[in-house]
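Undergrad: See protein_4.cif below, with mmCIF, C-alpha atoms.
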```cif
data_input
#
loop_
_atom_site.label_atom_id
_atom_site.label_comp_id
_atom_site.auth_asym_id
_atom_site.auth_seq_id
_atom_site.Cartn_x
_atom_site.Cartn_y
_atom_site.Cartn_z
CA MET M 1 -14.14 -18.61 -26.73
CA GLU M 2 -11.63 -16.69 -24.61
CA ARG M 3 -12.60 -13.44 -26.26
CA ALA M 4 -16.30 -14.16 -25.72
CA LEU M 5 -15.67 -14.87 -22.03
CA PHE M 6 -13.55 -11.74 -21.65
CA LEU M 7 -16.28 -9.63 -23.26
CA ALA M 8 -19.02 -11.30 -21.20
CA GLN M 9 -17.07 -10.51 -18.04
CA ARG M 10 -16.47 -6.92 -19.09
CA LEU M 11 -20.08 -6.28 -20.08
CA THR M 12 -21.49 -7.84 -16.90
CA ALA M 13 -19.00 -5.75 -14.89
CA MET M 14 -20.43 -2.62 -16.51
CA LEU M 15 -23.90 -3.77 -15.55
CA LEU M 16 -22.89 -4.79 -12.03
CA ALA M 17 -21.16 -1.52 -11.13
CA PRO M 18 -24.40 0.51 -10.82
CA LEU M 19 -26.42 -2.49 -9.58
CA VAL M 20 -24.01 -3.16 -6.69
CA LEU M 21 -24.00 0.52 -5.69
CA ALA M 22 -27.80 0.64 -5.77
CA HIS M 23 -27.98 -2.60 -3.79
CA LEU M 24 -25.61 -1.32 -1.09
CA TRP M 25 -27.46 1.98 -0.89
CA LEU M 26 -30.70 0.04 -0.57
CA VAL M 27 -29.35 -2.11 2.27
CA LEU M 28 -28.19 0.99 4.16
CA VAL M 29 -31.55 2.73 3.67
CA ALA M 30 -33.52 -0.35 4.74
CA VAL M 31 -31.41 -0.88 7.86
CA ARG M 32 -31.14 2.76 8.93
CA GLY M 33 -34.77 3.40 8.04
CA GLY M 34 -35.77 0.59 10.39
CA LEU M 35 -37.89 -1.25 7.83
CA THR M 36 -39.18 -4.63 9.01
CA ALA M 37 -39.05 -7.77 6.90
CA ALA M 38 -42.79 -7.57 6.38
CA GLU M 39 -42.55 -3.95 5.18
CA ILE M 40 -39.76 -4.88 2.74
CA LEU M 41 -41.70 -7.87 1.42
CA GLY M 42 -44.75 -5.65 1.07
CA ARG M 43 -42.83 -3.47 -1.34
CA THR M 44 -41.07 -6.21 -3.30
CA GLN M 45 -43.81 -8.82 -3.70
CA GLY M 46 -45.48 -8.58 -7.06
CA SER M 47 -43.15 -5.76 -8.11
CA ALA M 48 -41.94 -6.18 -11.70
CA GLY M 49 -39.33 -3.47 -11.11
CA TRP M 50 -37.64 -5.27 -8.21
CA ALA M 51 -37.91 -8.58 -10.07
CA LEU M 52 -36.13 -7.01 -13.04
CA PHE M 53 -33.50 -5.27 -10.87
CA TYR M 54 -32.50 -8.33 -8.84
CA GLY M 55 -33.09 -10.75 -11.74
CA ALA M 56 -30.55 -8.81 -13.83
CA PHE M 57 -28.25 -8.65 -10.79
CA VAL M 58 -28.32 -12.45 -10.33
CA LEU M 59 -27.82 -13.16 -14.04
CA ALA M 60 -24.87 -10.76 -14.23
CA VAL M 61 -23.26 -12.28 -11.12
CA ALA M 62 -23.78 -15.83 -12.43
CA VAL M 63 -21.92 -14.89 -15.62
CA HIS M 64 -19.28 -12.57 -14.15
CA ALA M 65 -18.04 -14.44 -11.08
CA PRO M 66 -17.41 -17.90 -12.62
CA ILE M 67 -15.29 -16.37 -15.39
CA GLY M 68 -13.11 -14.73 -12.75
CA VAL M 69 -12.90 -17.92 -10.70
CA ARG M 70 -11.93 -19.79 -13.89
CA ASN M 71 -9.11 -17.31 -14.54
CA VAL M 72 -7.83 -17.58 -10.97
CA LEU M 73 -7.91 -21.39 -11.04
CA ARG M 74 -6.23 -21.53 -14.45
CA GLU M 75 -3.40 -19.34 -13.24
CA TRP M 76 -2.96 -20.48 -9.66
CA SER M 77 -3.94 -24.15 -9.53
CA ARG M 78 -2.48 -27.16 -11.27
CA LEU M 79 -5.90 -28.55 -12.16
CA PRO M 80 -6.42 -29.65 -15.77
CA ARG M 81 -8.19 -27.08 -17.96
CA SER M 82 -11.28 -29.25 -18.44
CA ARG M 83 -11.65 -29.62 -14.66
CA VAL M 84 -11.32 -25.86 -14.18
CA ASP M 85 -14.02 -25.24 -16.81
CA LEU M 86 -16.31 -27.72 -15.08
CA ILE M 87 -15.76 -26.14 -11.65
CA ALA M 88 -16.49 -22.68 -13.06
CA LEU M 89 -19.63 -23.93 -14.80
CA VAL M 90 -20.94 -25.62 -11.65
CA PHE M 91 -20.09 -22.51 -9.59
CA GLY M 92 -22.05 -20.37 -12.07
CA LEU M 93 -25.05 -22.68 -11.93
CA VAL M 94 -25.00 -22.71 -8.11
CA LEU M 95 -24.91 -18.88 -8.05
CA LEU M 96 -27.75 -18.77 -10.55
CA ALA M 97 -29.86 -21.25 -8.57
CA LEU M 98 -29.26 -19.57 -5.19
CA GLY M 99 -29.81 -16.11 -6.64
CA ALA M 100 -32.93 -17.06 -8.55
CA ARG M 101 -34.35 -18.70 -5.42
CA ALA M 102 -33.70 -15.54 -3.39
CA VAL M 103 -35.28 -13.29 -6.01
CA TRP M 104 -38.29 -15.59 -6.27
CA ALA M 105 -38.66 -15.55 -2.50
CA VAL M 106 -38.96 -11.75 -2.27
CA VAL M 107 -40.90 -10.89 -5.41
CA ALA M 108 -43.27 -13.84 -5.93
CA MET S 1 32.36 -14.80 1.22
CA SER S 2 32.33 -11.12 2.03
CA ALA S 3 33.83 -8.54 -0.26
CA GLY S 4 37.05 -6.85 0.80
CA PRO S 5 37.56 -3.11 0.38
CA GLY S 6 37.27 -2.19 -3.26
CA GLU S 7 35.70 -5.52 -4.11
CA LEU S 8 32.27 -6.78 -5.15
CA THR S 9 30.80 -10.14 -4.27
CA VAL S 10 28.86 -11.48 -7.23
CA ARG S 11 26.56 -14.49 -7.04
CA VAL S 12 26.04 -15.92 -10.52
CA TRP S 13 23.62 -18.67 -11.51
CA ARG S 14 25.52 -21.64 -12.95
CA GLY S 15 23.74 -24.51 -14.66
CA ALA S 16 20.43 -24.73 -16.47
CA GLU S 17 17.03 -25.34 -14.78
CA ALA S 18 18.97 -27.34 -12.19
CA GLY S 19 21.98 -25.49 -10.91
CA ALA S 20 23.31 -23.35 -8.10
CA PHE S 21 24.78 -19.95 -7.42
CA ALA S 22 28.55 -19.58 -7.56
CA SER S 23 30.20 -16.61 -5.84
CA TYR S 24 32.99 -14.58 -7.35
CA ARG S 25 34.93 -11.60 -6.08
CA VAL S 26 35.76 -8.92 -8.59
CA PRO S 27 37.30 -5.47 -8.20
CA ALA S 28 34.85 -2.61 -7.78
CA ARG S 29 35.62 0.00 -10.43
CA ALA S 30 34.28 3.44 -11.21
CA ASN S 31 31.42 3.53 -13.73
CA GLN S 32 31.25 -0.25 -13.92
CA THR S 33 28.17 -1.86 -15.49
CA VAL S 34 26.77 -5.24 -14.51
CA LEU S 35 27.74 -6.48 -17.98
CA ASP S 36 31.34 -5.38 -17.28
CA VAL S 37 31.23 -7.43 -14.08
CA VAL S 38 29.89 -10.55 -15.83
CA THR S 39 32.53 -10.16 -18.56
CA GLU S 40 35.26 -9.79 -15.92
CA ILE S 41 34.09 -13.00 -14.25
CA GLN S 42 34.21 -14.84 -17.56
CA ARG S 43 37.65 -13.45 -18.46
CA ARG S 44 39.33 -14.00 -15.09
CA HIS S 45 37.40 -16.61 -13.10
CA ALA S 46 35.04 -18.78 -15.15
CA PRO S 47 35.90 -19.02 -18.86
CA ASP S 48 33.00 -21.42 -19.36
CA LEU S 49 30.38 -18.90 -18.12
CA ALA S 50 27.61 -18.62 -20.73
CA TYR S 51 25.92 -15.24 -21.26
CA ARG S 52 24.78 -13.10 -24.17
CA PHE S 53 25.61 -9.60 -25.26
CA ALA S 54 26.32 -7.78 -28.50
CA CYS S 55 26.21 -3.99 -28.66
CA ARG S 56 27.02 -3.05 -25.02
CA VAL S 57 25.17 0.25 -25.43
CA GLY S 58 21.46 -0.53 -25.04
CA VAL S 59 20.57 -1.00 -28.68
CA CYS S 60 20.39 -4.76 -29.25
CA GLY S 61 18.63 -5.94 -26.08
CA SER S 62 20.52 -9.23 -25.90
CA CYS S 63 22.20 -8.77 -22.49
CA ALA S 64 19.01 -8.76 -20.40
CA MET S 65 19.37 -10.68 -17.12
CA THR S 66 17.87 -10.67 -13.65
CA VAL S 67 20.01 -8.44 -11.44
CA ASN S 68 19.23 -8.52 -7.71
CA GLY S 69 15.80 -9.89 -8.55
CA VAL S 70 14.93 -7.30 -11.20
CA PRO S 71 15.01 -7.83 -14.99
CA ARG S 72 17.38 -5.32 -16.58
CA TRP S 73 19.69 -4.63 -19.48
CA THR S 74 23.02 -5.37 -17.83
CA CYS S 75 24.88 -3.04 -20.22
CA ARG S 76 22.84 -0.04 -19.07
CA THR S 77 22.84 -0.90 -15.37
CA HIS S 78 25.59 0.70 -13.34
CA VAL S 79 26.68 -1.46 -10.44
CA GLY S 80 26.61 1.55 -8.13
CA ARG S 81 22.87 1.93 -8.72
CA VAL S 82 21.89 -1.62 -7.80
CA ALA S 83 24.58 -3.21 -5.61
CA ALA S 84 23.32 -2.91 -2.06
CA GLY S 85 26.27 -3.54 0.25
CA ARG S 86 28.48 -4.28 -2.74
CA THR S 87 26.83 -7.61 -3.51
CA LEU S 88 25.23 -8.54 -6.79
CA THR S 89 23.08 -11.53 -7.69
CA VAL S 90 22.91 -12.21 -11.40
CA GLU S 91 20.44 -14.77 -12.79
CA PRO S 92 18.95 -15.55 -16.19
CA LEU S 93 15.65 -13.89 -17.20
CA ARG S 94 12.49 -15.34 -15.64
CA ASN S 95 9.72 -17.10 -17.57
CA LEU S 96 11.97 -18.51 -20.28
CA PRO S 97 13.73 -21.90 -20.51
CA ARG S 98 17.30 -21.71 -19.24
CA ILE S 99 19.94 -22.96 -21.68
CA ARG S 100 23.03 -22.53 -19.55
CA ASP S 101 24.18 -20.11 -16.86
CA LEU S 102 22.84 -16.66 -17.81
CA ALA S 103 21.60 -17.53 -21.31
CA VAL S 104 17.90 -18.29 -21.85
CA ASP S 105 16.10 -19.70 -24.87
CA LEU S 106 14.14 -16.86 -26.50
CA ALA S 107 12.37 -19.14 -29.00
CA PRO S 108 9.11 -19.33 -26.97
CA PHE S 109 9.11 -15.53 -26.70
CA PHE S 110 9.38 -15.06 -30.47
CA ALA S 111 6.85 -17.83 -31.10
CA LYS S 112 4.37 -15.81 -29.02
CA TRP S 113 5.33 -12.67 -30.92
CA LYS S 114 4.23 -14.45 -34.11
CA ALA S 115 1.17 -16.01 -32.48
CA ALA S 116 -0.03 -12.51 -31.54
CA GLY S 117 -0.13 -11.63 -35.24
CA GLY S 118 3.09 -9.60 -35.08
CA CYS S 119 4.21 -10.09 -38.70
CA PHE S 120 3.61 -7.11 -40.97
CA GLU S 121 1.65 -7.80 -44.16
CA GLY S 122 2.04 -5.19 -46.85
CA SER S 123 -1.03 -3.84 -48.59
CA ALA S 124 0.75 -2.25 -51.54
CA THR S 125 3.26 -3.23 -54.21
CA ARG S 126 6.51 -1.66 -55.30
CA ALA S 127 4.65 0.08 -58.11
CA ASP S 128 2.33 1.88 -55.70
CA PRO S 129 3.28 5.30 -54.34
CA PRO S 130 4.34 5.37 -50.65
CA ALA S 131 1.37 5.36 -48.29
CA ALA S 132 0.41 8.82 -47.11
CA VAL S 133 0.32 8.45 -43.33
CA ASP S 134 -0.35 11.50 -41.21
CA PRO S 135 2.33 11.42 -38.49
CA ALA S 136 0.05 13.46 -36.22
CA GLY S 137 -2.98 11.20 -36.72
CA PRO S 138 -4.25 9.44 -33.58
CA ARG S 139 -3.59 5.94 -34.95
CA ARG S 140 -0.05 6.69 -36.09
CA ARG S 141 0.68 8.29 -32.72
CA ALA S 142 -0.65 5.20 -30.95
CA ALA S 143 1.60 3.02 -33.12
CA ASP S 144 4.60 5.31 -32.58
CA ALA S 145 4.19 5.05 -28.81
CA GLY S 146 5.09 1.36 -28.94
CA ILE S 147 7.25 1.11 -32.03
CA GLU S 148 10.62 1.39 -30.29
CA CYS S 149 10.40 -2.08 -28.73
CA ILE S 150 13.57 -4.08 -29.45
CA ASN S 151 12.29 -7.40 -28.06
CA CYS S 152 14.74 -7.74 -25.19
CA ALA S 153 12.14 -9.80 -23.27
CA VAL S 154 12.60 -7.78 -20.04
CA CYS S 155 8.81 -7.25 -19.89
CA HIS S 156 8.23 -10.95 -20.54
CA ALA S 157 10.41 -11.74 -17.53
CA ALA S 158 8.78 -9.04 -15.40
CA CYS S 159 5.20 -10.20 -16.04
CA ASP S 160 3.64 -12.47 -13.41
CA VAL S 161 0.81 -13.54 -15.72
CA VAL S 162 3.35 -14.92 -18.23
CA GLY S 163 4.64 -17.12 -15.40
CA TRP S 164 1.17 -18.25 -14.33
CA ASP S 165 -0.58 -18.80 -17.66
CA PRO S 166 1.40 -20.69 -20.33
CA ASP S 167 -1.08 -19.51 -23.00
CA TYR S 168 -0.62 -15.81 -22.26
CA LEU S 169 1.13 -14.12 -25.18
CA GLY S 170 2.84 -11.53 -22.97
CA PRO S 171 3.42 -7.77 -23.04
CA ALA S 172 5.87 -7.38 -25.94
CA PRO S 173 3.92 -9.50 -28.47
CA LEU S 174 0.68 -7.70 -27.55
CA LEU S 175 2.33 -4.29 -27.79
CA ARG S 176 3.60 -5.30 -31.24
CA ALA S 177 0.05 -6.33 -32.18
CA TRP S 178 -1.21 -2.93 -30.92
CA THR S 179 1.27 -1.06 -33.14
CA LEU S 180 0.20 -3.19 -36.14
CA VAL S 181 -3.56 -2.75 -35.70
CA ASN S 182 -2.86 0.99 -35.66
CA ASP S 183 -0.64 0.79 -38.76
CA GLU S 184 -2.71 1.94 -41.70
CA ARG S 185 -0.41 0.07 -44.13
CA HIS S 186 -0.85 -3.32 -42.44
CA ALA S 187 -3.13 -5.54 -44.55
CA GLY S 188 -3.84 -8.04 -41.78
CA ARG S 189 -5.26 -5.70 -39.14
CA ALA S 190 -8.37 -7.81 -38.54
CA ARG S 191 -6.25 -10.99 -38.33
CA THR S 192 -3.82 -9.39 -35.89
CA LEU S 193 -6.68 -8.08 -33.76
CA GLY S 194 -8.32 -11.51 -33.79
CA LYS S 195 -5.13 -13.18 -32.56
CA ALA S 196 -4.29 -10.51 -29.99
CA THR S 197 -7.77 -10.62 -28.49
CA GLY S 198 -8.24 -14.40 -28.66
CA GLN S 199 -6.81 -17.29 -26.66
CA GLY S 200 -4.05 -16.03 -24.33
CA GLY S 201 -4.47 -12.50 -25.69
CA CYS S 202 -5.13 -9.13 -24.09
CA GLY S 203 -8.03 -10.49 -22.00
CA SER S 204 -5.55 -12.41 -19.84
CA CYS S 205 -3.67 -9.26 -18.77
CA HIS S 206 -4.30 -8.15 -15.17
CA THR S 207 -2.98 -4.63 -15.73
CA GLN S 208 -0.38 -5.07 -12.99
CA GLY S 209 1.95 -2.84 -14.97
CA SER S 210 5.23 -4.69 -14.30
CA CYS S 211 6.03 -4.55 -18.03
CA MET S 212 5.66 -0.78 -17.98
CA LYS S 213 7.68 -0.44 -14.77
CA HIS S 214 10.62 -2.47 -16.04
CA CYS S 215 10.72 -1.63 -19.77
CA PRO S 216 14.24 -0.23 -20.32
CA VAL S 217 12.97 1.88 -23.23
CA GLY S 218 10.19 3.37 -21.10
CA LEU S 219 7.40 1.95 -23.29
CA SER S 220 4.00 1.02 -21.89
CA PRO S 221 2.80 -2.38 -23.08
CA THR S 222 0.05 -1.95 -20.45
CA GLU S 223 -1.35 0.96 -22.42
CA GLY S 224 -1.22 -0.97 -25.70
CA ILE S 225 -2.96 -3.96 -24.11
CA ALA S 226 -5.64 -1.66 -22.68
CA GLY S 227 -6.11 -0.32 -26.22
CA LEU S 228 -6.53 -3.87 -27.56
CA LYS S 229 -9.14 -4.55 -24.84
CA ARG S 230 -11.05 -1.44 -25.92
CA LEU S 231 -10.88 -2.50 -29.58
CA SER S 232 -12.06 -5.97 -28.67
CA LEU S 233 -15.16 -4.47 -27.04
CA ALA S 234 -15.65 -2.02 -29.91
CA ALA S 235 -15.40 -4.89 -32.41
CA LEU S 236 -18.24 -6.66 -30.60
CA PHE S 237 -20.56 -3.68 -30.95
CA SER S 238 -19.58 -2.93 -34.55
CA GLY S 239 -19.97 -6.61 -35.54
CA ALA S 240 -16.37 -6.84 -36.80
CA PRO S 241 -14.64 -10.24 -36.49
#
```
I need this file expressed as structure tokens, please.
TA:
Amino acid sequence: MERALFLAQRLTAMLLAPLVLAHLWLVLVAVRGGLTAAEILGRTQGSAGWALFYGAFVLAVAVHAPIGVRNVLREWSRLPRSRVDLIALVFGLVLLALGARAVWAVVA
Amino acid sequence: MSAGPGELTVRVWRGAEAGAFASYRVPARANQTVLDVVTEIQRRHAPDLAYRFACRVGVCGSCAMTVNGVPRWTCRTHVGRVAAGRTLTVEPLRNLPRIRDLAVDLAPFFAKWKAAGGCFEGSATRADPPAAVDPAGPRRRAADAGIECINCAVCHAACDVVGWDPDYLGPAPLLRAWTLVNDERHAGRARTLGKATGQGGCGSCHTQGSCMKHCPVGLSPTEGIAGLKRLSLAALFSGAP
């Protein structure tokens, strides 16, 4: 289990590294380029590419971040292990739900 | 209690988990080691002071203690190098149960050493010829880089993750596992890798590098643990256990 979580965190980190850079670059371009919300939505709505890009982003975050939070809580808090696992699981599900909602809102 | 001219003030932990520092004044001498100071305190001030040593020359690793907050071999630590203002604070090693005064119980450390798959399993019998191992091969060189560990537990005391996570096997056991998975004669390489990459294994390491910074032999458990992490990822892609 621990090895699987470690590997899942590593692999999602590899995926997130380019995705985060592309996302930041995109934010800078959109802001500096003066794109309006309507113009952005015009490009993202119905786009399979953007759905795939941000869908993968959200999935990777929902796997990566809770594993890290679980490690931090296991080391730094006195909570029982089962409670820590539950908190991490709920945190992951919340990230997944919020992220999926945001992706749906811009591509659907 | 301030030290007079030619004297050292030494604060020494007395007691077990519960205890307090006691201060002693000992003469400052040329080329004095911290172990010399502790021995002088036991001989002249506190005959009941408990501490461990054997070889006095940095071979056995039994005299490791915390000196002014840093884990060290006391036999290889000259007082002049560490005594700021001619005061010394000597405590037992961190992250291990205290037995009495400066002696800690190393049993949990060696239990982790075994739990990391550190026991060699031969793959040949007496009748077989000696294994032909290329000393310049990459795997033998990786094993050689960590083979000089004498299990003094200085890295175990230096590691913050060992203190935070009771499951974490620690730097020395994982470095031992790294030398074994690179040892072509070891029959249990897959077993060792499984243990060293499983619960409390290499994945728990934060790569802070305290083990590497404080290792008195100059070894790098950090590098060995990084190697185990790479193998753990490689094993996933190759479908190995």
Undergrad: Near chain M, which residues of chain S fall within 8 Å when you count all atoms listed in the file, and what do they look like as number ranges by chain?
TA: S: 161, 164-165, 197-200, 203, 232-233
Undergrad: Selection in question (the file shown): the PyMOL selection byres ((chain S and resi 75) around 10). Which residues does it include, as an MDAnalysis selection string?
TA: chainID S and resid 32:37 53:59 61:65 72:74 76:78
Undergrad: Just so the selection is clear, what residues does the PyMOL selection byres ((chain S and resi 115) around 10) cover here, as a compact mmCIF listing (two decimals) with C-alpha atoms, keeping the file's coordinate frame?
TA:
```
# COMPACT_ATOMS: atom_id res chain seq x y z
CA PHE S 109 9.11 -15.53 -26.70
CA PHE S 110 9.38 -15.06 -30.47
CA ALA S 111 6.85 -17.83 -31.10
CA LYS S 112 4.37 -15.81 -29.02
CA TRP S 113 5.33 -12.67 -30.92
CA LYS S 114 4.23 -14.45 -34.11
CA ALA S 116 -0.03 -12.51 -31.54
CA GLY S 117 -0.13 -11.63 -35.24
CA GLY S 118 3.09 -9.60 -35.08
CA CYS S 119 4.21 -10.09 -38.70
CA LEU S 169 1.13 -14.12 -25.18
CA PRO S 173 3.92 -9.50 -28.47
CA LEU S 174 0.68 -7.70 -27.55
CA ALA S 177 0.05 -6.33 -32.18
CA THR S 192 -3.82 -9.39 -35.89
CA LYS S 195 -5.13 -13.18 -32.56
CA ALA S 196 -4.29 -10.51 -29.99
CA GLN S 199 -6.81 -17.29 -26.66
CA GLY S 200 -4.05 -16.03 -24.33
CA GLY S 201 -4.47 -12.50 -25.69
```
Undergrad: Using only C-alpha atoms, determine which residues lie at most 9 Å from S:Arg86, disregarding the query and same-chain residues fewer than 4 positions distant; provide the list as a PyMOL selection string.
TA: chain S and resi 3+7-10+28+79-80+82
Undergrad: What's the separation between atom CA of S:Val38 and atom CA of S:Arg14, in Å to one decimal place?
TA: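 Going from atom CA of S:Val38 over to atom CA of S:Arg14 covers 12.3 Å.
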Undergrad: For M:Leu73, which residue among M:Leu28, M:Leu15, M:Ala88, M:Ala37 is the nearest when counting all atoms listed in the file?
TA: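 Closest residue, counting all atoms listed in the file: M:Ala88.
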Undergrad: Give me, please, the distance in Å between atom CA of S:Glu184 and atom CA of S:Gly224, quoted to one decimal.
TA: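 Taking atom CA of S:Glu184 and atom CA of S:Gly224, their separation equals 16.3 Å.
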Undergrad: M:Ile67, M:Leu86, M:Ala62, M:Leu26: which is nearest M:Trp50, counting only C-alpha atoms?
TA: M:Leu26
Undergrad: Quick one: pull the distance between atom CA of M:Val61 and atom CA of M:Ala97, Å, one decimal.
TA: 11.4 Å
Undergrad: Could you list, as an MDAnalysis selection string, every residue within 12 Å of S:Ala107, counting all atoms listed in the file and ignoring same-chain residues fewer than 6 positions away?
TA: chainID S and resid 95:99 113:114 151 153
Undergrad: Excluding S:Gly137 and any residue of its chain fewer than 5 positions from it, enumerate the residues within 12 Å of it, using all atoms listed in the file, and give them as a ChimeraX atom specification.
TA: /S:132,142-144,182-184
Undergrad: Which residues are near M:Ala108? Cut-off 6 Å, only C-alpha atoms, ignore same chain within fewer than 4 positions. Put them as a list in words.
TA: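 Listing them by chain and then by number gives Gln45, Gly46 and Trp104 of chain M.
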Undergrad: Restricting it to C-alpha atoms, dump the selection as a compact mmCIF listing (two decimals), in the coordinates of the input.
TA:
```
# COMPACT_ATOMS: atom_id res chain seq x y z
CA GLN M 45 -43.81 -8.82 -3.70
CA GLY M 46 -45.48 -8.58 -7.06
CA TRP M 104 -38.29 -15.59 -6.27
```
